[in-house]
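K.L.:
Input file: protein.cif. Contents: mmCIF, C-alpha atoms.
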```
data_structure
#
loop_
_atom_site.label_atom_id
_atom_site.label_comp_id
_atom_site.auth_asym_id
_atom_site.auth_seq_id
_atom_site.Cartn_x
_atom_site.Cartn_y
_atom_site.Cartn_z
CA MET A 18 42.64 43.49 85.54
CA ASN A 19 40.10 46.22 85.13
CA VAL A 20 37.22 43.74 85.35
CA VAL A 21 38.51 42.17 88.55
CA TRP A 22 39.30 45.49 90.16
CA VAL A 23 36.04 47.23 89.36
CA GLY A 24 33.99 44.13 90.09
CA ILE A 25 35.34 43.62 93.59
CA PHE A 26 35.27 47.34 94.29
CA ILE A 27 31.60 47.74 93.34
CA LEU A 28 30.59 44.67 95.32
CA SER A 29 32.53 45.89 98.36
CA LEU A 30 30.92 49.32 98.15
CA ALA A 31 27.49 47.75 97.87
CA VAL A 32 28.10 45.59 100.95
CA SER A 33 29.54 48.45 102.97
CA ALA A 34 26.51 50.57 102.12
CA PHE A 35 24.56 48.06 104.22
CA SER A 36 27.08 47.56 106.98
CA GLY A 37 27.92 51.28 107.24
CA VAL A 38 31.69 50.97 107.25
CA ASP A 39 33.91 53.99 106.72
CA VAL A 40 35.09 53.09 103.23
CA VAL A 41 37.19 56.20 102.70
CA ALA A 42 39.21 55.56 105.85
CA ALA A 43 39.88 52.01 104.69
CA ALA A 44 40.88 53.22 101.23
CA VAL A 45 43.30 55.79 102.62
CA ARG A 46 44.74 53.15 104.92
CA GLY A 47 45.37 50.99 101.89
CA SER A 48 46.99 53.77 99.96
CA SER A 49 49.25 54.80 102.81
CA SER A 50 50.40 51.22 103.24
CA ALA A 51 51.14 51.27 99.50
CA LEU A 52 53.37 54.26 100.11
CA THR A 53 55.20 52.40 102.87
CA VAL A 54 55.65 49.42 100.59
CA CYS A 55 56.96 51.62 97.79
CA LEU A 56 59.45 53.37 100.04
CA SER A 57 60.84 50.06 101.21
CA LEU A 58 60.90 48.89 97.60
CA ILE A 59 63.07 51.86 96.68
CA ALA A 60 65.54 50.75 99.31
CA ILE A 61 65.52 47.13 98.15
CA TYR A 62 65.65 47.98 94.44
CA ALA A 63 68.46 50.48 94.97
CA PHE A 64 70.66 47.68 96.22
CA TRP A 65 69.72 45.13 93.56
CA CYS A 66 69.71 47.55 90.64
CA GLY A 67 73.19 48.63 91.69
CA ILE A 68 74.37 45.03 91.77
CA PHE A 69 72.72 44.41 88.38
CA GLU A 70 74.61 47.28 86.82
CA ILE A 71 77.90 45.91 88.13
CA LEU A 72 77.00 42.48 86.78
CA THR A 73 75.99 43.99 83.45
CA GLN A 74 79.18 45.97 83.09
CA CYS A 75 81.46 43.09 83.91
CA GLY A 76 79.63 40.86 81.46
CA ALA A 77 78.55 38.25 83.99
CA ILE A 78 74.89 38.51 83.02
CA GLU A 79 75.69 37.93 79.39
CA ARG A 80 77.60 34.78 80.26
CA LEU A 81 74.79 33.45 82.40
CA ALA A 82 72.24 34.36 79.73
CA ASN A 83 74.21 32.66 76.98
CA PHE A 84 74.42 29.59 79.13
CA ILE A 85 70.66 29.20 79.51
CA ARG A 86 69.67 30.73 76.18
CA PRO A 87 68.40 27.46 74.64
CA PHE A 88 66.18 26.90 77.64
CA ILE A 89 64.77 30.42 77.49
CA ARG A 90 64.20 30.14 73.74
CA LYS A 91 62.29 26.94 74.21
CA ILE A 92 60.00 28.19 76.95
CA TYR A 93 59.60 31.90 76.34
CA GLY A 94 59.90 31.87 72.56
CA ALA A 95 62.14 34.15 70.56
CA VAL A 96 63.38 37.20 72.46
CA SER A 97 66.08 39.77 71.81
CA PRO A 98 69.51 39.17 73.39
CA LYS A 99 68.98 41.96 75.88
CA ALA A 100 65.61 40.63 76.99
CA ASN A 101 67.28 37.24 77.20
CA ASP A 102 69.79 38.68 79.67
CA TYR A 103 67.09 40.09 81.90
CA ILE A 104 65.02 36.94 81.79
CA ALA A 105 68.08 34.95 82.84
CA LEU A 106 68.57 37.36 85.69
CA ASN A 107 64.93 37.13 86.68
CA LEU A 108 64.99 33.34 86.63
CA SER A 109 68.05 33.14 88.84
CA ALA A 110 66.64 35.71 91.25
CA ASN A 111 63.44 33.68 91.48
CA LEU A 112 65.25 30.41 92.05
CA LEU A 113 67.30 31.98 94.82
CA GLY A 114 64.12 33.36 96.33
CA VAL A 115 65.26 36.98 96.18
CA GLY A 116 61.97 38.72 95.48
CA GLY A 117 63.54 42.15 95.64
CA ALA A 118 65.79 41.28 92.72
CA ALA A 119 63.17 39.40 90.73
CA THR A 120 60.79 42.32 90.23
CA PRO A 121 63.23 44.90 88.83
CA SER A 122 64.77 42.37 86.45
CA ALA A 123 61.30 41.29 85.32
CA LEU A 124 60.31 44.91 84.68
CA MET A 125 63.45 45.44 82.62
CA ALA A 126 62.73 42.29 80.63
CA ILE A 127 59.15 43.40 80.03
CA GLU A 128 60.29 46.81 78.86
CA GLU A 129 62.71 45.18 76.48
CA ILE A 130 60.18 42.67 75.13
CA GLU A 131 57.60 45.38 74.61
CA ARG A 132 60.11 47.55 72.84
CA THR A 133 61.16 44.86 70.38
CA ASP A 134 57.51 43.89 69.86
CA ASN A 135 56.48 47.42 69.07
CA LEU A 136 59.54 47.82 66.92
CA SER A 137 58.74 44.77 64.82
CA ASN A 138 55.18 46.01 64.48
CA THR A 139 56.46 49.38 63.39
CA ALA A 140 58.70 47.74 60.85
CA GLN A 141 55.79 45.78 59.46
CA ASN A 142 53.62 48.87 59.33
CA THR A 143 56.31 50.79 57.55
CA ILE A 144 56.58 48.13 54.91
CA HIS A 145 52.83 47.94 54.47
CA SER A 146 52.27 51.65 54.25
CA GLY A 147 55.19 52.15 51.90
CA GLY A 148 57.27 54.02 54.42
CA ASN A 149 54.91 56.94 54.80
CA PHE A 150 55.28 57.47 58.48
CA SER A 151 54.56 60.79 60.09
CA ASN A 152 57.19 62.01 62.47
CA THR A 153 54.61 63.03 65.01
CA ASP A 154 53.71 59.44 65.71
CA PHE A 155 57.24 58.50 66.56
CA PRO A 156 59.23 61.17 68.29
CA ALA A 157 62.77 61.10 67.03
CA GLU A 158 64.17 60.80 70.48
CA ASN A 159 62.39 57.57 71.25
CA THR A 160 63.11 55.97 67.95
CA ALA A 161 66.73 56.91 68.28
CA LYS A 162 66.98 54.79 71.37
CA ASN A 163 64.89 51.97 70.04
CA THR A 164 66.54 51.50 66.71
CA SER A 165 70.07 52.22 67.77
CA GLY A 166 71.27 49.42 65.55
CA ASP A 167 69.53 50.81 62.49
CA ILE A 168 70.69 54.33 63.08
CA PHE A 169 74.14 52.97 63.34
CA ASN A 170 73.89 51.54 59.88
CA SER A 171 72.26 54.54 58.35
CA THR A 172 74.76 56.99 59.72
CA GLN A 173 77.69 54.89 58.70
CA LEU A 174 76.32 54.27 55.24
CA PRO A 175 74.70 57.48 54.05
CA LYS A 176 73.32 55.75 50.96
CA THR A 177 70.93 53.64 52.94
CA SER A 178 69.66 56.47 55.06
CA GLU A 179 66.47 56.61 53.02
CA ASN A 180 65.30 53.28 54.31
CA PHE A 181 63.42 52.29 57.42
CA SER A 182 65.22 54.22 60.11
CA SER A 183 65.29 57.55 58.33
CA THR A 184 61.56 57.45 57.73
CA ASN A 185 61.03 57.12 61.41
CA LEU A 186 63.59 59.66 62.45
CA ASP A 187 63.33 63.34 62.15
CA SER A 188 64.84 63.26 58.68
CA SER A 189 66.51 66.66 58.67
CA LYS A 190 68.38 65.75 61.81
CA THR A 191 69.59 62.48 60.39
CA ASN A 192 70.69 64.02 57.13
CA SER A 193 72.65 66.82 58.71
CA ALA A 194 74.31 64.39 61.03
CA THR A 195 75.10 62.08 58.16
CA ASN A 196 76.51 64.82 56.00
CA SER A 197 78.71 66.51 58.54
CA THR A 198 80.32 63.97 60.84
CA PRO A 199 78.94 60.50 60.34
CA THR A 200 81.52 58.54 62.28
CA ASN A 201 81.51 60.93 65.19
CA GLN A 202 77.78 60.81 65.45
CA SER A 203 77.58 57.06 65.37
CA SER A 204 80.24 56.59 68.00
CA LEU A 205 78.49 59.16 70.13
CA THR A 206 75.22 57.31 69.79
CA ALA A 207 76.93 54.10 70.69
CA LYS A 208 78.50 55.63 73.75
CA TYR A 209 75.24 57.17 74.84
CA ASP A 210 73.49 53.90 74.32
CA VAL A 211 75.88 51.86 76.39
CA LYS A 212 76.17 54.32 79.18
CA PHE A 213 72.54 55.07 79.68
CA SER A 214 70.97 51.88 78.43
CA PHE A 215 70.21 50.98 81.97
CA LEU A 216 68.56 54.27 82.83
CA ASN A 217 66.35 54.28 79.79
CA HIS A 218 64.56 51.18 80.89
CA PHE A 219 62.42 52.97 83.33
CA LYS A 220 61.24 55.81 81.20
CA SER A 221 57.55 55.29 80.79
CA PHE A 222 56.42 52.22 78.92
CA SER A 223 55.42 52.95 75.38
CA GLY A 224 52.01 51.37 75.89
CA ASP A 225 50.10 54.40 74.68
CA LYS A 226 51.37 54.02 71.17
CA THR A 227 50.34 50.41 70.81
CA ASP A 228 47.16 49.08 69.38
CA SER A 229 44.89 48.17 72.28
CA ARG A 230 43.35 45.29 70.38
CA GLN A 231 46.68 43.57 69.99
CA SER A 232 47.35 40.64 72.29
CA ILE A 233 50.35 40.44 74.59
CA SER A 234 53.18 38.36 73.18
CA LYS A 235 54.19 34.91 74.33
CA PRO A 236 57.47 35.92 76.04
CA LEU A 237 55.61 38.50 78.09
CA ALA A 238 52.85 36.10 79.09
CA MET A 239 55.38 33.40 79.98
CA LEU A 240 57.45 35.80 82.02
CA PHE A 241 54.39 36.78 84.01
CA ILE A 242 53.12 33.22 84.47
CA ILE A 243 56.48 31.87 85.60
CA ASN A 244 56.87 34.73 88.07
CA ALA A 245 53.30 34.48 89.31
CA THR A 246 53.46 30.74 89.92
CA SER A 247 56.58 31.03 92.09
CA ILE A 248 59.64 28.97 91.29
CA GLN A 249 61.76 29.53 94.35
CA LEU A 250 63.80 26.61 95.63
CA LEU A 251 63.72 27.45 99.33
CA PRO A 252 60.68 29.05 100.97
CA THR A 253 62.89 31.04 103.35
CA THR A 254 60.18 33.32 104.75
CA VAL A 255 57.91 30.45 105.67
CA ILE A 256 60.75 28.45 107.23
CA SER A 257 61.84 31.33 109.42
CA LEU A 258 58.26 32.01 110.46
CA ARG A 259 57.80 28.35 111.36
CA SER A 260 60.87 28.34 113.59
CA GLN A 261 59.58 31.53 115.22
CA PHE A 262 56.44 29.64 116.18
CA ASN A 263 58.41 26.81 117.77
CA SER A 264 58.06 24.27 115.01
CA LEU A 265 59.94 21.07 115.78
CA SER A 266 61.15 20.72 112.21
CA PRO A 267 60.71 23.99 110.35
CA ALA A 268 62.43 22.68 107.25
CA ASP A 269 60.33 19.57 106.64
CA ILE A 270 58.05 21.51 104.31
CA ILE A 271 60.87 22.09 101.81
CA LEU A 272 60.34 18.93 99.78
CA PRO A 273 56.53 19.20 99.45
CA THR A 274 56.86 22.90 98.67
CA ILE A 275 59.31 22.20 95.87
CA LEU A 276 57.03 19.48 94.48
CA CYS A 277 54.08 21.81 94.69
CA THR A 278 55.80 24.74 93.08
CA LEU A 279 57.18 22.48 90.35
CA LEU A 280 53.67 21.34 89.57
CA THR A 281 52.27 24.87 89.39
CA THR A 282 55.10 26.18 87.25
CA LEU A 283 55.05 23.26 84.85
CA LEU A 284 51.29 23.51 84.54
CA GLY A 285 51.67 27.24 83.97
CA ILE A 286 54.26 26.72 81.25
CA LEU A 287 52.05 24.10 79.60
CA LEU A 288 48.91 26.25 79.66
CA GLY A 289 50.87 29.32 78.67
CA SER A 290 52.30 27.65 75.59
CA ILE A 291 48.83 26.39 74.68
CA PHE A 292 47.09 29.74 75.02
CA PHE A 293 49.85 32.03 73.80
CA LYS A 294 51.12 30.94 70.43
CA LYS A 295 53.25 33.85 69.36
CA MET B 24 70.65 30.45 101.74
CA ASN B 25 72.25 33.51 103.29
CA LEU B 26 75.64 31.95 102.76
CA VAL B 27 74.87 31.23 99.10
CA LEU B 28 73.83 34.83 98.49
CA THR B 29 76.83 36.20 100.31
CA LEU B 30 79.17 34.03 98.29
CA LEU B 31 77.47 35.00 95.03
CA LEU B 32 77.82 38.68 95.86
CA PHE B 33 81.44 38.10 96.84
CA PHE B 34 82.23 36.48 93.50
CA CYS B 35 80.32 39.20 91.71
CA PHE B 36 82.58 41.87 93.17
CA VAL B 37 85.74 39.87 92.67
CA TYR B 38 84.83 39.16 89.05
CA ALA B 39 83.98 42.82 88.46
CA CYS B 40 87.34 43.90 89.87
CA PHE B 41 89.04 41.28 87.74
CA LYS B 42 87.29 42.73 84.68
CA ARG B 43 88.40 46.22 85.72
CA VAL B 44 84.90 47.58 86.14
CA ASN B 45 84.48 50.71 88.23
CA CYS B 46 82.21 49.07 90.78
CA TYR B 47 81.32 52.19 92.68
CA ASN B 48 80.24 54.14 89.61
CA ALA B 49 78.36 51.17 88.21
CA PHE B 50 76.54 50.63 91.46
CA VAL B 51 75.50 54.26 91.76
CA LEU B 52 74.37 54.33 88.14
CA GLY B 53 72.24 51.27 88.72
CA ALA B 54 70.88 52.37 92.07
CA LYS B 55 69.74 55.62 90.50
CA THR B 56 67.17 53.69 88.50
CA ALA B 57 65.56 52.23 91.63
CA PHE B 58 63.75 55.43 92.49
CA PRO B 59 61.85 55.97 89.22
CA LEU B 60 61.20 52.24 89.06
CA ALA B 61 59.55 52.05 92.48
CA ILE B 62 57.70 55.31 91.95
CA SER B 63 56.38 54.17 88.58
CA ILE B 64 54.69 51.14 90.13
CA PHE B 65 53.31 53.07 93.09
CA PRO B 66 49.88 53.81 91.51
CA ASN B 67 49.42 50.14 90.75
CA ILE B 68 50.36 49.03 94.22
CA ALA B 69 48.11 51.71 95.69
CA ALA B 70 45.16 50.56 93.57
CA MET B 71 45.70 47.00 94.71
CA LEU B 72 46.09 47.77 98.41
CA ILE B 73 43.13 50.17 98.45
CA LEU B 74 41.02 47.45 96.90
CA ILE B 75 42.12 44.89 99.46
CA GLU B 76 41.45 47.24 102.39
CA VAL B 77 37.98 48.12 101.13
CA PHE B 78 37.30 44.47 100.38
CA ARG B 79 38.20 43.51 103.91
CA ALA B 80 36.60 46.45 105.72
CA SER B 81 33.29 46.20 103.89
CA GLY B 82 32.67 42.68 105.13
CA LEU B 83 32.53 41.32 101.60
CA SER B 84 35.57 39.20 102.36
CA GLN B 85 33.69 37.50 105.20
CA ILE B 86 30.79 36.75 102.85
CA PHE B 87 33.26 35.31 100.36
CA ILE B 88 34.88 33.19 103.05
CA ASP B 89 31.55 31.83 104.29
CA PHE B 90 30.47 31.07 100.76
CA LEU B 91 33.70 29.47 99.58
CA SER B 92 34.58 27.44 102.67
CA PRO B 93 32.32 24.47 101.83
CA CYS B 94 33.62 24.43 98.24
CA PHE B 95 37.20 24.49 99.44
CA GLU B 96 36.48 21.81 102.01
CA PHE B 97 35.10 19.67 99.21
CA LEU B 98 38.35 20.09 97.29
CA GLY B 99 40.41 19.10 100.32
CA ILE B 100 41.46 22.54 101.57
CA PRO B 101 40.76 22.94 105.30
CA TYR B 102 38.07 25.57 105.89
CA GLN B 103 40.31 27.40 108.37
CA LEU B 104 42.55 28.32 105.47
CA THR B 105 39.93 29.82 103.15
CA GLU B 106 40.89 33.34 104.13
CA LEU B 107 44.55 32.66 103.43
CA VAL B 108 43.75 31.15 100.03
CA ILE B 109 41.60 34.16 99.09
CA PHE B 110 44.08 36.80 100.20
CA ARG B 111 47.23 35.11 98.98
CA PRO B 112 46.93 36.39 95.36
CA PHE B 113 46.51 39.97 96.52
CA THR B 114 49.03 40.73 99.22
CA GLY B 115 52.27 39.16 100.35
CA SER B 116 52.59 40.87 103.73
CA GLY B 117 48.90 40.32 104.46
CA SER B 118 49.13 36.61 103.83
CA ILE B 119 52.23 36.34 105.99
CA ALA B 120 50.22 37.94 108.80
CA LEU B 121 47.45 35.41 108.18
CA LEU B 122 50.01 32.59 108.24
CA SER B 123 51.28 33.68 111.65
CA ASN B 124 47.67 33.74 112.85
CA VAL B 125 47.27 30.17 111.68
CA PHE B 126 50.50 29.13 113.41
CA GLU B 127 49.38 30.82 116.59
CA ASN B 128 45.95 29.21 116.62
CA TYR B 129 46.73 25.72 115.36
CA GLY B 130 50.50 25.31 115.80
CA ALA B 131 53.13 25.27 113.10
CA ASP B 132 53.41 21.48 113.00
CA SER B 133 49.71 20.70 112.83
CA TYR B 134 48.14 19.53 109.60
CA ILE B 135 46.56 22.95 109.09
CA GLY B 136 49.81 24.71 109.88
CA ARG B 137 51.73 22.62 107.38
CA CYS B 138 49.06 23.11 104.72
CA ALA B 139 49.26 26.86 105.27
CA SER B 140 53.08 26.77 105.01
CA LEU B 141 52.82 24.91 101.75
CA ILE B 142 50.21 27.25 100.30
CA LEU B 143 52.32 30.27 101.10
CA GLY B 144 55.59 28.71 100.03
CA SER B 145 54.42 27.47 96.66
CA SER B 146 52.33 30.38 95.45
CA GLU B 147 52.84 33.99 94.55
CA THR B 148 50.84 37.19 94.78
CA VAL B 149 49.24 36.79 91.37
CA PHE B 150 47.18 39.98 91.27
CA TYR B 151 49.96 42.03 92.75
CA CYS B 152 52.36 40.66 90.13
CA ALA B 153 49.86 41.38 87.38
CA ALA B 154 49.39 44.95 88.61
CA VAL B 155 53.11 45.60 88.63
CA TYR B 156 54.18 43.68 85.52
CA PHE B 157 51.37 44.83 83.28
CA SER B 158 51.48 48.38 84.63
CA GLY B 159 52.35 49.99 81.30
CA ILE B 160 50.71 47.55 78.95
CA ARG B 161 47.47 48.30 77.20
CA LYS B 162 47.02 45.17 75.23
CA LYS B 163 44.48 42.42 75.54
CA GLY B 164 45.31 38.97 76.77
CA THR B 165 46.49 40.01 80.23
CA ILE B 166 43.37 38.56 81.84
CA LYS B 167 44.10 35.25 80.13
CA ALA B 168 47.57 35.19 81.66
CA VAL B 169 46.20 36.12 85.09
CA LEU B 170 43.58 33.39 84.91
CA ILE B 171 46.19 30.80 83.95
CA ALA B 172 48.40 31.84 86.88
CA LEU B 173 45.45 31.80 89.29
CA PHE B 174 44.30 28.41 88.08
CA CYS B 175 47.79 26.96 88.47
CA SER B 176 48.15 28.37 91.98
CA PHE B 177 44.81 26.91 92.91
CA VAL B 178 45.72 23.49 91.57
CA GLY B 179 48.97 23.81 93.51
CA THR B 180 47.04 24.62 96.67
CA ILE B 181 44.85 21.55 96.34
CA PHE B 182 47.87 19.40 95.53
CA GLY B 183 49.71 20.86 98.53
CA CYS B 184 46.94 20.04 100.96
CA TRP B 185 46.81 16.52 99.56
CA LEU B 186 50.59 16.20 99.93
CA CYS B 187 50.32 17.25 103.56
CA LYS B 188 47.84 14.49 104.15
CA ILE B 189 50.05 11.73 102.77
CA MET B 190 53.51 12.95 103.82
#
```
Written as structure tokens, how would this file's structure read?
P.N.:
Amino acid sequence: MNVVWVGIFILSLAVSAFSGVDVVAAAVRGSSSALTVCLSLIAIYAFWCGIFEILTQCGAIERLANFIRPFIRKIYGAVSPKANDYIALNLSANLLGVGGAATPSALMAIEEIERTDNLSNTAQNTIHSGGNFSNTDFPAENTAKNTSGDIFNSTQLPKTSENFSSTNLDSSKTNSATNSTPTNQSSLTAKYDVKFSFLNHFKSFSGDKTDSRQSISKPLAMLFIINATSIQLLPTTVISLRSQFNSLSPADIILPTILCTLLTTLLGILLGSIFFKK
Amino acid sequence: MNLVLTLLLFFCFVYACFKRVNCYNAFVLGAKTAFPLAISIFPNIAAMLILIEVFRASGLSQIFIDFLSPCFEFLGIPYQLTELVIFRPFTGSGSIALLSNVFENYGADSYIGRCASLILGSSETVFYCAAVYFSGIRKKGTIKAVLIALFCSFVGTIFGCWLCKIM
């Protein structure tokens, strides 16, 4: 992205040096329209995120996700159940052509995929380095959320608290919790996790901690490609615009559009699975 | 489509009530996340829209259009649509404005109008998507994904224009 952005920017600046255009005014215009877009996005996301939470709590998303799990596994590769839920949500939002719902669900899925990726990397690192992990690298708070499952185990079974999760956690905290009220603590964690799982998704991405030379994973790449090649069934915006401009048959582009979008998405999936192996 | 969405939402609420979920609380809890979410992608959207404004204002876009039109014509994309094809990956609202221009100038049912409809209907804002989706990711390989998506959209565009010719 950086290459594209800087490249076009430098070229534009070079050209406008000749033509004498007010670049700053144009830039500010762009940024203020970004603000307008963001404000309207807040409104749209507020509605859809609210609906998502209802769907999550009543278990509808899980049902849908379980239904299309084999399909997701085949195309996106292995993902965690939670990421699977969000991908299912994203796919259905895309098919229905609800862009406002597709983006938040995609961001949640990305967050989840990144988290499990980083977690598996951490686990590998821990094994390789013999469990010598400094607490400064992984703030206890973050790890607590990430490895909720592991904490669960370690607090319920004090004997295993010396393994993986305790090395990552602030160990004194874990031990005191384990010694005093293990069951209480674990149920509290569980409660906290369920209640605020949704909120935690939008705390900043943990990108800073990752190795910059590492490649993005296949599920992430596939999620992006499928979203960026458009898989909506009905091009509603275009149809309504056509009827506004007195088209005799606004809907006769539906079939070619579906064919076209099928081609792009299938090609994207094909190329994606060739170029992203893992 | 409106009916489908309405029905889906209806069943969502009914199912939630059936499952004894506190809909109001759940909705508020979810809606709360919308604000940080939209704010967190603001810098990325701003970067993208600033770029597109500068690109257009500087006159570089016109140079691009003049340069690419013959190539696009060769591939079967009408030269009147070069601008739309170039701007489509960057901005959704901008390309909708361009589409209405095309409809106004050539008519919605003309060959060019139908091509434009197809291009817009079957593609997405690739760069915009990349900016938002990869906003927190500092790993390599994103450019590969963007190139794949761009390539696919472009193939789709050519295929769409060809479809318009035969259908």
K.L.:
Can you list what the PyMOL selection byres ((chain A and resi 25) around 12) grabs from this structure, as a compact mmCIF listing (two decimals) with C-alpha atoms, keeping the file's coordinate frame?
P.N.:
```txt
# COMPACT_ATOMS: atom_id res chain seq x y z
CA MET A 18 42.64 43.49 85.54
CA ASN A 19 40.10 46.22 85.13
CA VAL A 20 37.22 43.74 85.35
CA VAL A 21 38.51 42.17 88.55
CA TRP A 22 39.30 45.49 90.16
CA VAL A 23 36.04 47.23 89.36
CA GLY A 24 33.99 44.13 90.09
CA PHE A 26 35.27 47.34 94.29
CA ILE A 27 31.60 47.74 93.34
CA LEU A 28 30.59 44.67 95.32
CA SER A 29 32.53 45.89 98.36
CA LEU A 30 30.92 49.32 98.15
CA ALA A 31 27.49 47.75 97.87
CA VAL A 32 28.10 45.59 100.95
CA MET B 71 45.70 47.00 94.71
CA ILE B 73 43.13 50.17 98.45
CA LEU B 74 41.02 47.45 96.90
CA ILE B 75 42.12 44.89 99.46
CA GLU B 76 41.45 47.24 102.39
CA VAL B 77 37.98 48.12 101.13
CA PHE B 78 37.30 44.47 100.38
CA ARG B 79 38.20 43.51 103.91
CA SER B 81 33.29 46.20 103.89
CA GLY B 82 32.67 42.68 105.13
CA LEU B 83 32.53 41.32 101.60
CA SER B 84 35.57 39.20 102.36
CA PHE B 87 33.26 35.31 100.36
```
K.L.:
Would you mind reading off the distance between atom CA of Ile248 of chain A and atom CA of Thr282 of chain A, one decimal, in Å?
P.N.:
6.7 Å
K.L.:
What lies within 7 Å of segment 105-114 of chain A using all atoms listed in the file, ignoring chain neighbours under 2 positions off, as a compact mmCIF listing (two decimals) with C-alpha atoms, in the frame of the given file?
P.N.:
```txt
# COMPACT_ATOMS: atom_id res chain seq x y z
CA ILE A 78 74.89 38.51 83.02
CA LEU A 81 74.79 33.45 82.40
CA ALA A 82 72.24 34.36 79.73
CA ASN A 101 67.28 37.24 77.20
CA ASP A 102 69.79 38.68 79.67
CA TYR A 103 67.09 40.09 81.90
CA GLY A 116 61.97 38.72 95.48
CA ALA A 118 65.79 41.28 92.72
CA ALA A 119 63.17 39.40 90.73
CA SER A 122 64.77 42.37 86.45
CA ALA A 123 61.30 41.29 85.32
CA ILE A 248 59.64 28.97 91.29
CA GLN A 249 61.76 29.53 94.35
CA LEU A 250 63.80 26.61 95.63
CA LEU A 251 63.72 27.45 99.33
```
K.L.:
Specify as a tab-separated table (two decimals) with C-alpha atoms, in the coordinates of the input each residue included when the PyMOL selection byres ((chain B and resi 175) around 12) is applied to this file.
P.N.:
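So selection.tsv came out as:
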```tsv
chain	number	residue	atom	x	y	z
A	242	ILE	CA	53.12	33.22	84.47
A	243	ILE	CA	56.48	31.87	85.60
A	244	ASN	CA	56.87	34.73	88.07
A	245	ALA	CA	53.30	34.48	89.31
A	246	THR	CA	53.46	30.74	89.92
A	247	SER	CA	56.58	31.03	92.09
A	277	CYS	CA	54.08	21.81	94.69
A	278	THR	CA	55.80	24.74	93.08
A	279	LEU	CA	57.18	22.48	90.35
A	280	LEU	CA	53.67	21.34	89.57
A	281	THR	CA	52.27	24.87	89.39
A	282	THR	CA	55.10	26.18	87.25
A	283	LEU	CA	55.05	23.26	84.85
A	284	LEU	CA	51.29	23.51	84.54
A	285	GLY	CA	51.67	27.24	83.97
A	286	ILE	CA	54.26	26.72	81.25
A	287	LEU	CA	52.05	24.10	79.60
A	288	LEU	CA	48.91	26.25	79.66
A	289	GLY	CA	50.87	29.32	78.67
B	112	PRO	CA	46.93	36.39	95.36
B	145	SER	CA	54.42	27.47	96.66
B	146	SER	CA	52.33	30.38	95.45
B	147	GLU	CA	52.84	33.99	94.55
B	149	VAL	CA	49.24	36.79	91.37
B	168	ALA	CA	47.57	35.19	81.66
B	169	VAL	CA	46.20	36.12	85.09
B	170	LEU	CA	43.58	33.39	84.91
B	171	ILE	CA	46.19	30.80	83.95
B	172	ALA	CA	48.40	31.84	86.88
B	173	LEU	CA	45.45	31.80	89.29
B	174	PHE	CA	44.30	28.41	88.08
B	176	SER	CA	48.15	28.37	91.98
B	177	PHE	CA	44.81	26.91	92.91
B	178	VAL	CA	45.72	23.49	91.57
B	179	GLY	CA	48.97	23.81	93.51
B	180	THR	CA	47.04	24.62	96.67
B	181	ILE	CA	44.85	21.55	96.34
B	182	PHE	CA	47.87	19.40	95.53
B	183	GLY	CA	49.71	20.86	98.53
```
K.L.:
I'd like the contact shell of Ile88 of chain B - 12 Å cut-off, only C-alpha atoms, skipping same-chain residues fewer than 3 positions apart - returned as a compact mmCIF listing (two decimals) with C-alpha atoms, keeping the file's coordinate frame.
P.N.:
```
# COMPACT_ATOMS: atom_id res chain seq x y z
CA PHE B 78 37.30 44.47 100.38
CA ARG B 79 38.20 43.51 103.91
CA GLY B 82 32.67 42.68 105.13
CA LEU B 83 32.53 41.32 101.60
CA SER B 84 35.57 39.20 102.36
CA GLN B 85 33.69 37.50 105.20
CA LEU B 91 33.70 29.47 99.58
CA SER B 92 34.58 27.44 102.67
CA PRO B 93 32.32 24.47 101.83
CA CYS B 94 33.62 24.43 98.24
CA PHE B 95 37.20 24.49 99.44
CA GLU B 96 36.48 21.81 102.01
CA TYR B 102 38.07 25.57 105.89
CA GLN B 103 40.31 27.40 108.37
CA LEU B 104 42.55 28.32 105.47
CA THR B 105 39.93 29.82 103.15
CA GLU B 106 40.89 33.34 104.13
CA LEU B 107 44.55 32.66 103.43
CA VAL B 108 43.75 31.15 100.03
CA ILE B 109 41.60 34.16 99.09
CA PHE B 110 44.08 36.80 100.20
```
K.L.:
Build an axis-aligned box that encloses every atom of segment 82-96 of chain B listed in the file, pad it by 5 Å on each side, and report its centre and edge lengths in Å to one decimal, as AutoDock Vina command-line options.
P.N.:
```
--center_x 33.8 --center_y 32.2 --center_z 101.7 --size_x 16.7 --size_y 30.9 --size_z 17.0
```
K.L.:
Quick check on the file I pasted: which residues fall under the PyMOL selection byres ((chain A and resi 94) around 12)? Write them as a VMD selection string.
P.N.:
chain A and resid 86 to 93 95 to 97 100 to 101 104 130 234 to 240 286 289 to 290 293 to 295
K.L.:
I need every residue sitting at most 10 Å from the point (44.2, 41.0, 76.8) (coordinates as in the file, all atoms listed in the file considered), written as a PyMOL selection string.
P.N.:
(chain A and resi 18+229-233) or (chain B and resi 160-169)
K.L.:
Quick check, in Å to one decimal: how far apart do atom CA of Phe292 of chain A and atom CA of Leu143 of chain B lie?
P.N.:
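So the two atoms, atom CA of Phe292 of chain A and atom CA of Leu143 of chain B, lie 26.6 Å apart.
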K.L.:
With a cut-off of 12 Å, could you pull out the residues of segment 36-146 of chain A touching segment 115-122 of chain B and give me the nearest pair of atoms for each, distance in Å to one decimal, using all atoms listed in the file, ordered by chain and ascending number, as JSON lines?
P.N.:
```
{"residue": "A:Gly47", "atom": "CA", "partner": "B:Gly117", "partner_atom": "CA", "distance": 11.5}
{"residue": "A:Ser50", "atom": "CA", "partner": "B:Ser116", "partner_atom": "CA", "distance": 10.6}
{"residue": "A:Ala51", "atom": "CA", "partner": "B:Ser116", "partner_atom": "CA", "distance": 11.3}
{"residue": "A:Thr53", "atom": "CA", "partner": "B:Ser116", "partner_atom": "CA", "distance": 11.9}
{"residue": "A:Val54", "atom": "CA", "partner": "B:Ser116", "partner_atom": "CA", "distance": 9.6}
{"residue": "A:Gly116", "atom": "CA", "partner": "B:Gly115", "partner_atom": "CA", "distance": 10.9}
```
